[in-house]
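Trainee: Quick one: structure below, then a few questions.
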Amino acid sequence: MEYPKVDFLYLNEEDMIAAGVKDMGGCIEAMEEMFKLLKAGNYRMGGANGNSHGCMVTFPTTSPFPEMPVDGPDRRFMAMPAYLGGRFDMAGMKWYGSNVENREKGLPRSILMLTLNDKETGAPVAYMSANILSAYRTGAVPGVGFKYFAPENASVAGIVGPGVMSKTALAAIMSARPSVKTVKVKGRGKKSLDSFISAAKSDYPQVEFVVVDSIEEATRGSDIVYVSTSVPTGNLDEYPYIKEEWIKKGAMICTTASLRFDDDFVINRARNVADNIKLYEAWEEEYKPNAYNTIPIPAVRVEDLIVEGKMKKEQIDDLGDVLTGKIPVHRNKDEIVIYSVGGMPVEDIAWGTIVYRNALAKGIGTKLNLWNKPYMVV
C-alpha cells in the first residue's frame, strides 16, 4: 500500500468461488500447515491466553426492551480475531451473526464475513464473504484427521447430521480416503437428507449412499464416523451418543459439535485427540466447572475429567504433536480415535489469506477505497 491512502479488496461469494475457495485438497494442506504453526507458537487468538475461540454476544431469555432480541436456537453474534505467521503472516477477524430462524427467510443459519488486516498498521486489505470459506475450513480440519488417523483402506463412512458442515466433511473424506465406497447417512428430516444425498451423488457417483435410521446403524461397520448435529446444551442426555460396542476396531470418530460417549470408554480405552489442546484448556478455564455442559465437544469432557482427577493430561493428544512427529500417528493396533474439532479463527485466516492472494493474482474482486487521506489523524 501507498499510505496514507487505503484501498482493500472486496470479494463476494461468487468471487470466492472463482478464487478457489472450494479446493478441498488445497484447504486440507493449508490446515495442516496452520496446525504446525500453532505447535510452533507462531499465532495469536483472543483472550489473555491467546487461545480463545472468540467473543460472543448472547441474548437474555426475556427482555424489558421490545427491540432487543431474546435467546433462541443459535441466536448470537461473535467476533473471532487472530494472527497467523509463517507464509500466511496475516491478521484478521471473522464476524458472524446466527439465528436458526434465518432458514425461514431463505438464508443460512449463520452469515459470516472475514476481514484481513495488515499486521503493522491494522488497515484492511480484504473484506470477503466467508460462509463457503468457513464451511470448507471446517471440513478440512477433520480432513487432516482423516488423512492421518482413518484406516488407509477405509471403505465405509457414517455421517450423522447431513447439513452444510457434513457436505464439506464428505468432501474431506473423499479427498483423504478416496477408497470409501459406501456412506451411511443419519438425519432427522427428509428435506435435509434428500438435499445432502442428491448433492453427494452428483459429486461422487462412484459411492453408494445409504439412509439409516439411527446413530448405531451409522456407526456399526464404519471406518470413519463424522457427527455434526445441533442440539441444546446443558442436558447431557440430549447429546448424540455412541456406544463403544457399536464402533469398529481401528475406526476414527470425528465431531465438530456435540457428541457423548461413556466415561469409562473415554478414560480407559479410547485414543483422544484434539485439534488444538490449548483451545480446550481455554474453554475449561472460561466455562468451569463442567465446561462440557456449555461446549459439548468430547475433548471438553476430557478436560472436565482431568479437572475431576479421573484422567491425566497425557491421556489426550494434540494434533500438532502428531504432525510434527513428536508422538506417533497410532499408539496401539486397532485403537479407536476420537478426534475433536473446535474451530478456530486462525483457520479462517489461513484459508482466507490463500484465497485472497489467489484473487489478487487472477484479478478477481472489487477494489474499494477506505480513504485517500484520513480526516482524523492523531
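Labels for the C-alpha cells follow display order: chains A, B, ..., residues from 1 in each chain, ligands from 1.
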Pick out the residues sitting within 7 Å of range 327-338 of chain A, and hand them over as a PyMOL selection string; count only C-alpha atoms, and ignore anything fewer than 6 positions along from it in its own chain.
Mentor: chain A and resi 148-149+249-254+270-273+321
Trainee: Just the strand (DSSP E) stuff from range 151-375 of chain A, please, per backbone DSSP, written as an MDAnalysis selection string.
Mentor: chainID A and resid 156:160 182:186 208:212 224:227 252:255 271:274 316:318 337:340 366:371
Trainee: Could you check which of A:Glu2, A:Glu217, A:Glu347, A:Glu308 is closest to Leu38 in chain A, using only C-alpha atoms?
Mentor: A:Glu347
Trainee: Which residues are near Pro296 in chain A? Cut-off 7 Å, only C-alpha atoms, ignore same chain within fewer than 6 positions. Put them as a short mmCIF file (atom, residue, chain, number, x, y, z; two decimals) with all heavy atoms, in the first residue's frame.
Mentor:
```cif
data_model
loop_
_atom_site.label_atom_id
_atom_site.label_comp_id
_atom_site.auth_asym_id
_atom_site.auth_seq_id
_atom_site.Cartn_x
_atom_site.Cartn_y
_atom_site.Cartn_z
N THR A 233 -27.58 -27.27 24.59
CA THR A 233 -26.54 -27.69 25.52
C THR A 233 -27.08 -27.69 26.95
O THR A 233 -28.12 -27.12 27.23
CB THR A 233 -25.32 -26.74 25.43
OG1 THR A 233 -25.75 -25.39 25.72
CG2 THR A 233 -24.72 -26.78 24.05
N ALA A 257 -19.13 -30.96 16.72
CA ALA A 257 -20.26 -30.50 17.53
C ALA A 257 -20.46 -31.44 18.71
O ALA A 257 -19.53 -32.11 19.15
CB ALA A 257 -21.51 -30.41 16.66
N SER A 258 -21.69 -31.51 19.20
CA SER A 258 -21.96 -32.29 20.41
C SER A 258 -21.88 -33.79 20.12
O SER A 258 -22.34 -34.27 19.09
CB SER A 258 -23.34 -31.94 20.96
OG SER A 258 -24.33 -32.14 19.97
N LEU A 259 -21.28 -34.51 21.09
CA LEU A 259 -21.19 -35.97 21.00
C LEU A 259 -20.84 -36.49 22.38
O LEU A 259 -20.07 -35.89 23.12
CB LEU A 259 -20.13 -36.39 19.98
CG LEU A 259 -20.06 -37.89 19.68
CD1 LEU A 259 -21.40 -38.41 19.16
CD2 LEU A 259 -18.97 -38.18 18.66
#
```
Trainee: At what distance in Å, to one decimal, does CA of Ala130 in chain A lie from CA of Asn99 in chain A?
Mentor: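 Going from CA of Asn99 in chain A over to CA of Ala130 in chain A, I get 16.4 Å.
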Trainee: Could you check the closest approach to Asn235 in chain A for each of A:Ser110, A:Ser198, A:Ser166, A:Asn293 and tell me which residue wins, using only C-alpha atoms?
Mentor: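 Result for the nearest residue to Asn235 in chain A: A:Asn293.
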Trainee: Hey, what's within 8 Å of Ala172 in chain A if we count only C-alpha atoms and toss same-chain stuff fewer than 5 positions away? As a PyMOL selection string, please?
Mentor: chain A and resi 24-25+28+139-140+142-143+146
Trainee: Out of A:Glu303, A:Asp318, A:Asp194, A:Asp89, which residue has the shortest atom-to-atom distance to Ile354 in chain A when counting only C-alpha atoms?
Mentor: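 Closest candidate: A:Asp89.
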Trainee: Pick from A:Leu9, A:Met31, A:Leu279, A:Val207: nearest to Ala126 in chain A, with only C-alpha atoms counted?
Mentor: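 Of all the options, A:Leu9 lies closest to Ala126 in chain A.
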Trainee: At a cut-off of 12 Å, using only C-alpha atoms, what residues contact Ile364 in chain A? Leave out same-chain residues fewer than 3 positions from it and give the result as JSON, numbers by chain.
Mentor: {"A": [9, 10, 11, 12, 13, 14, 15, 16, 17, 18, 19, 20, 126, 128, 355, 356, 357, 358, 359, 360, 361, 367]}
Trainee: Could you save those same residues with N, CA, C and O atoms as an mmCIF file, in the first residue's frame?
Mentor:
```cif
data_model
loop_
_atom_site.group_PDB
_atom_site.id
_atom_site.type_symbol
_atom_site.label_atom_id
_atom_site.label_comp_id
_atom_site.auth_asym_id
_atom_site.auth_seq_id
_atom_site.Cartn_x
_atom_site.Cartn_y
_atom_site.Cartn_z
ATOM 1 N N LEU A 9 -9.631 -5.069 -0.965
ATOM 2 C CA LEU A 9 -10.323 -5.886 -1.952
ATOM 3 C C LEU A 9 -11.585 -6.482 -1.344
ATOM 4 O O LEU A 9 -11.538 -7.112 -0.281
ATOM 5 N N TYR A 10 -12.712 -6.281 -2.018
ATOM 6 C CA TYR A 10 -13.968 -6.897 -1.597
ATOM 7 C C TYR A 10 -14.225 -8.111 -2.465
ATOM 8 O O TYR A 10 -14.173 -8.048 -3.705
ATOM 9 N N LEU A 11 -14.517 -9.248 -1.818
ATOM 10 C CA LEU A 11 -14.792 -10.490 -2.527
ATOM 11 C C LEU A 11 -16.169 -11.009 -2.106
ATOM 12 O O LEU A 11 -16.372 -11.391 -0.945
ATOM 13 N N ASN A 12 -17.118 -11.026 -3.065
ATOM 14 C CA ASN A 12 -18.422 -11.599 -2.747
ATOM 15 C C ASN A 12 -18.353 -13.119 -2.909
ATOM 16 O O ASN A 12 -17.294 -13.683 -3.205
ATOM 17 N N GLU A 13 -19.480 -13.796 -2.703
ATOM 18 C CA GLU A 13 -19.448 -15.260 -2.711
ATOM 19 C C GLU A 13 -19.012 -15.823 -4.065
ATOM 20 O O GLU A 13 -18.234 -16.789 -4.129
ATOM 21 N N GLU A 14 -19.483 -15.224 -5.145
ATOM 22 C CA GLU A 14 -19.085 -15.687 -6.479
ATOM 23 C C GLU A 14 -17.585 -15.474 -6.696
ATOM 24 O O GLU A 14 -16.901 -16.316 -7.299
ATOM 25 N N ASP A 15 -17.058 -14.351 -6.214
ATOM 26 C CA ASP A 15 -15.621 -14.094 -6.319
ATOM 27 C C ASP A 15 -14.825 -15.152 -5.552
ATOM 28 O O ASP A 15 -13.781 -15.629 -6.021
ATOM 29 N N MET A 16 -15.309 -15.514 -4.377
ATOM 30 C CA MET A 16 -14.611 -16.506 -3.552
ATOM 31 C C MET A 16 -14.541 -17.849 -4.267
ATOM 32 O O MET A 16 -13.492 -18.523 -4.264
ATOM 33 N N ILE A 17 -15.637 -18.226 -4.919
ATOM 34 C CA ILE A 17 -15.645 -19.490 -5.662
ATOM 35 C C ILE A 17 -14.658 -19.430 -6.817
ATOM 36 O O ILE A 17 -13.867 -20.358 -7.046
ATOM 37 N N ALA A 18 -14.652 -18.312 -7.541
ATOM 38 C CA ALA A 18 -13.728 -18.150 -8.668
ATOM 39 C C ALA A 18 -12.274 -18.163 -8.208
ATOM 40 O O ALA A 18 -11.380 -18.592 -8.953
ATOM 41 N N ALA A 19 -12.029 -17.730 -6.978
ATOM 42 C CA ALA A 19 -10.665 -17.678 -6.448
ATOM 43 C C ALA A 19 -10.233 -18.988 -5.798
ATOM 44 O O ALA A 19 -9.122 -19.073 -5.269
ATOM 45 N N GLY A 20 -11.100 -20.014 -5.825
ATOM 46 C CA GLY A 20 -10.677 -21.341 -5.395
ATOM 47 C C GLY A 20 -11.039 -21.739 -3.985
ATOM 48 O O GLY A 20 -10.443 -22.664 -3.429
ATOM 49 N N ALA A 126 -8.518 -6.866 2.848
ATOM 50 C CA ALA A 126 -9.590 -7.592 2.173
ATOM 51 C C ALA A 126 -10.796 -7.716 3.093
ATOM 52 O O ALA A 126 -10.662 -7.770 4.316
ATOM 53 N N MET A 128 -14.299 -10.135 2.861
ATOM 54 C CA MET A 128 -14.795 -11.195 1.991
ATOM 55 C C MET A 128 -15.961 -11.970 2.588
ATOM 56 O O MET A 128 -16.078 -12.116 3.811
ATOM 57 N N VAL A 355 -6.952 -17.671 -0.425
ATOM 58 C CA VAL A 355 -7.975 -17.310 -1.415
ATOM 59 C C VAL A 355 -7.819 -15.852 -1.832
ATOM 60 O O VAL A 355 -7.935 -15.508 -3.019
ATOM 61 N N TYR A 356 -7.534 -14.970 -0.882
ATOM 62 C CA TYR A 356 -7.313 -13.556 -1.179
ATOM 63 C C TYR A 356 -6.139 -13.386 -2.148
ATOM 64 O O TYR A 356 -6.235 -12.633 -3.140
ATOM 65 N N ARG A 357 -5.044 -14.078 -1.892
ATOM 66 C CA ARG A 357 -3.877 -13.955 -2.780
ATOM 67 C C ARG A 357 -4.159 -14.551 -4.154
ATOM 68 O O ARG A 357 -3.659 -14.039 -5.176
ATOM 69 N N ASN A 358 -4.963 -15.626 -4.196
ATOM 70 C CA ASN A 358 -5.387 -16.155 -5.492
ATOM 71 C C ASN A 358 -6.190 -15.102 -6.255
ATOM 72 O O ASN A 358 -6.014 -14.926 -7.481
ATOM 73 N N ALA A 359 -7.082 -14.420 -5.553
ATOM 74 C CA ALA A 359 -7.918 -13.399 -6.181
ATOM 75 C C ALA A 359 -7.067 -12.262 -6.726
ATOM 76 O O ALA A 359 -7.306 -11.768 -7.845
ATOM 77 N N LEU A 360 -6.074 -11.837 -5.961
ATOM 78 C CA LEU A 360 -5.169 -10.792 -6.442
ATOM 79 C C LEU A 360 -4.467 -11.228 -7.723
ATOM 80 O O LEU A 360 -4.390 -10.467 -8.694
ATOM 81 N N ALA A 361 -3.969 -12.469 -7.721
ATOM 82 C CA ALA A 361 -3.212 -12.965 -8.875
ATOM 83 C C ALA A 361 -4.086 -13.091 -10.115
ATOM 84 O O ALA A 361 -3.612 -12.893 -11.245
ATOM 85 N N LYS A 367 -12.063 -3.563 -5.985
ATOM 86 C CA LYS A 367 -11.236 -2.726 -5.123
ATOM 87 C C LYS A 367 -12.082 -1.582 -4.576
ATOM 88 O O LYS A 367 -12.756 -0.873 -5.321
#
```
